[in-house]
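Below is one structure, written out as structure tokens; the observations come after it.
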Amino acid sequence: MADILLDTNIIIDFFETQREFHEDASQLIDKALTAGHTLYVAATTCKDSYYILTYLRGETAARHCVQAIFTTMELLPVDNRTCYEGFNSAEADFKDGIIRSCAELNHMDYLITRDTKAFKDCSVKVLSPKGMVRLLKTG
């Protein structure tokens, strides 16, 4: 079974049903969990998702979404080393650097994001949600 780290944009797409990429995120999460793969998020993704979903859907809905993350996914810690390596990575965006360092330090098999260009030098295999769904269908 694969260890799959989801970028924050995938989580937001999954919970916000009006977003253009909701169906891609939904298919990915459903197929991965059904196949028995473990889904991970960086601890900062919970905070960022809560903030964004509170703005989009309100505080109560955002809390329900974060609770769903806690019950279906594993959280990866974001500590001094994660922040330091993320900050000093080749990623132009510090948030992306943290996601990348979480994937690399925790030896994830895949990092799933819509922003695959941002992670071009990542040592972990980076795929879009559609790319991962195709892989799950063939494997």
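Each chain in the structure tokens gets a letter, A, B and so on, in the order shown; residues start at 1 in every chain, and ligands are counted from 1 in the order they appear.
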Would you mind listing what lies within 12 Å of Cys122 in chain A as a PyMOL selection string, with only C-alpha atoms counted and same-chain residues fewer than 5 positions away left out?
chain A and resi 86+89-91+96-105+107-112+116-117+127
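Note that CA of Val78 in chain A and CA of Ala42 in chain A are 6.7 Å apart.
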Pull the strand (DSSP E) assignments for range 38-67 of chain A out of DSSP run on the backbone, and list those residues as an MDAnalysis selection string.
chainID A and resid 38:42
Save out the residues we just selected, C-alpha atoms, as a compact mmCIF listing (two decimals), in the first residue's frame.
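part.txt, freshly written:
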```txt
# COMPACT_ATOMS: atom_id res chain seq x y z
CA THR A 38 -2.98 5.71 3.67
CA LEU A 39 -3.67 9.38 3.06
CA TYR A 40 -1.60 11.97 4.87
CA VAL A 41 -1.72 15.73 5.28
CA ALA A 42 0.79 18.08 6.83
```
If you run DSSP on this backbone, which residues of chain A come out as alpha helix (DSSP H), and could you give them as an MDAnalysis selection string?
chainID A and resid 8:15 22:34 43:57 59:72 80:87 94:105 129:138
Separation of CA of His37 in chain A and CA of Ile4 in chain A, in Å?
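Atom-to-atom, CA of His37 in chain A to CA of Ile4 in chain A, that is 7.3 Å.
Between CA of Asp115 in chain A and CA of Met132 in chain A there is a distance of 13.7 Å.
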Fewer than 5 positions away in the same chain doesn't count, so skip those; otherwise give me all residues within 10 Å of range 18-27 of chain A, counting only C-alpha atoms, as a VMD selection string.
chain A and resid 6 9 to 13 32 112 to 114 128 to 133
Save out the residues we just selected, C-alpha atoms, as a tab-separated table (two decimals), in the first residue's frame.
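Written out: part39.tsv:
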```
chain	number	residue	atom	x	y	z
A	6	LEU	CA	-2.22	15.44	-0.16
A	9	ASN	CA	-5.32	22.49	-2.52
A	10	ILE	CA	-6.58	18.90	-2.81
A	11	ILE	CA	-8.23	19.09	0.61
A	12	ILE	CA	-9.92	22.39	-0.22
A	13	ASP	CA	-11.10	21.01	-3.58
A	32	ALA	CA	-7.23	5.68	-2.51
A	112	ILE	CA	-0.61	14.81	-4.83
A	113	THR	CA	-1.19	18.41	-5.89
A	114	ARG	CA	-2.72	20.47	-8.64
A	128	SER	CA	-1.99	15.46	-10.10
A	129	PRO	CA	-5.21	13.98	-8.71
A	130	LYS	CA	-6.11	12.66	-12.18
A	131	GLY	CA	-2.65	11.14	-12.56
A	132	MET	CA	-2.96	9.34	-9.22
A	133	VAL	CA	-6.45	8.07	-10.07
```
Write out as number ranges by chain each polymer residue whose atoms come within 10 Å of range 55-61 of chain A, counting only C-alpha atoms; drop sequence neighbours fewer than 5 positions from it.
A: 12, 15-16, 49-50, 66-67
Could you write out the selected residues, including N, CA and C atoms, as an mmCIF file, in the first residue's frame?
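Result saved to selection01.cif:
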```cif
data_model
loop_
_atom_site.group_PDB
_atom_site.id
_atom_site.type_symbol
_atom_site.label_atom_id
_atom_site.label_comp_id
_atom_site.auth_asym_id
_atom_site.auth_seq_id
_atom_site.Cartn_x
_atom_site.Cartn_y
_atom_site.Cartn_z
ATOM 1 N N ILE A 12 -8.928 21.343 0.021
ATOM 2 C CA ILE A 12 -9.924 22.393 -0.216
ATOM 3 C C ILE A 12 -10.847 21.988 -1.363
ATOM 4 N N PHE A 15 -13.479 19.378 -0.123
ATOM 5 C CA PHE A 15 -14.557 19.843 0.750
ATOM 6 C C PHE A 15 -15.419 20.943 0.133
ATOM 7 N N GLU A 16 -14.881 21.687 -0.782
ATOM 8 C CA GLU A 16 -15.642 22.781 -1.389
ATOM 9 C C GLU A 16 -16.222 22.293 -2.714
ATOM 10 N N SER A 49 -6.633 24.744 5.893
ATOM 11 C CA SER A 49 -7.960 24.345 5.421
ATOM 12 C C SER A 49 -9.054 24.966 6.283
ATOM 13 N N TYR A 50 -8.867 24.941 7.580
ATOM 14 C CA TYR A 50 -9.835 25.546 8.489
ATOM 15 C C TYR A 50 -10.022 27.018 8.157
ATOM 16 N N VAL A 66 -12.501 19.704 9.107
ATOM 17 C CA VAL A 66 -11.250 19.356 9.780
ATOM 18 C C VAL A 66 -11.434 18.086 10.603
ATOM 19 N N GLN A 67 -12.583 17.929 11.231
ATOM 20 C CA GLN A 67 -12.859 16.684 11.966
ATOM 21 C C GLN A 67 -12.812 15.489 11.018
#
```
Compare A:Leu5, A:Thr17, A:Arg63, A:Asp30 by their minimum atom-to-atom distance to Ala43 in chain A, counting only C-alpha atoms, and give me the closest one.
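Ranking A:Leu5, A:Thr17, A:Arg63, A:Asp30 by distance to Ala43 in chain A, first place goes to A:Leu5.
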Determine the nearest neighbour of Thr45 in chain A from the options A:Asp7, A:Asp121, A:Glu85, A:Asp79, counting only C-alpha atoms.
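Of A:Asp7, A:Asp121, A:Glu85, A:Asp79, the one nearest Thr45 in chain A is A:Asp7, counting only C-alpha atoms.
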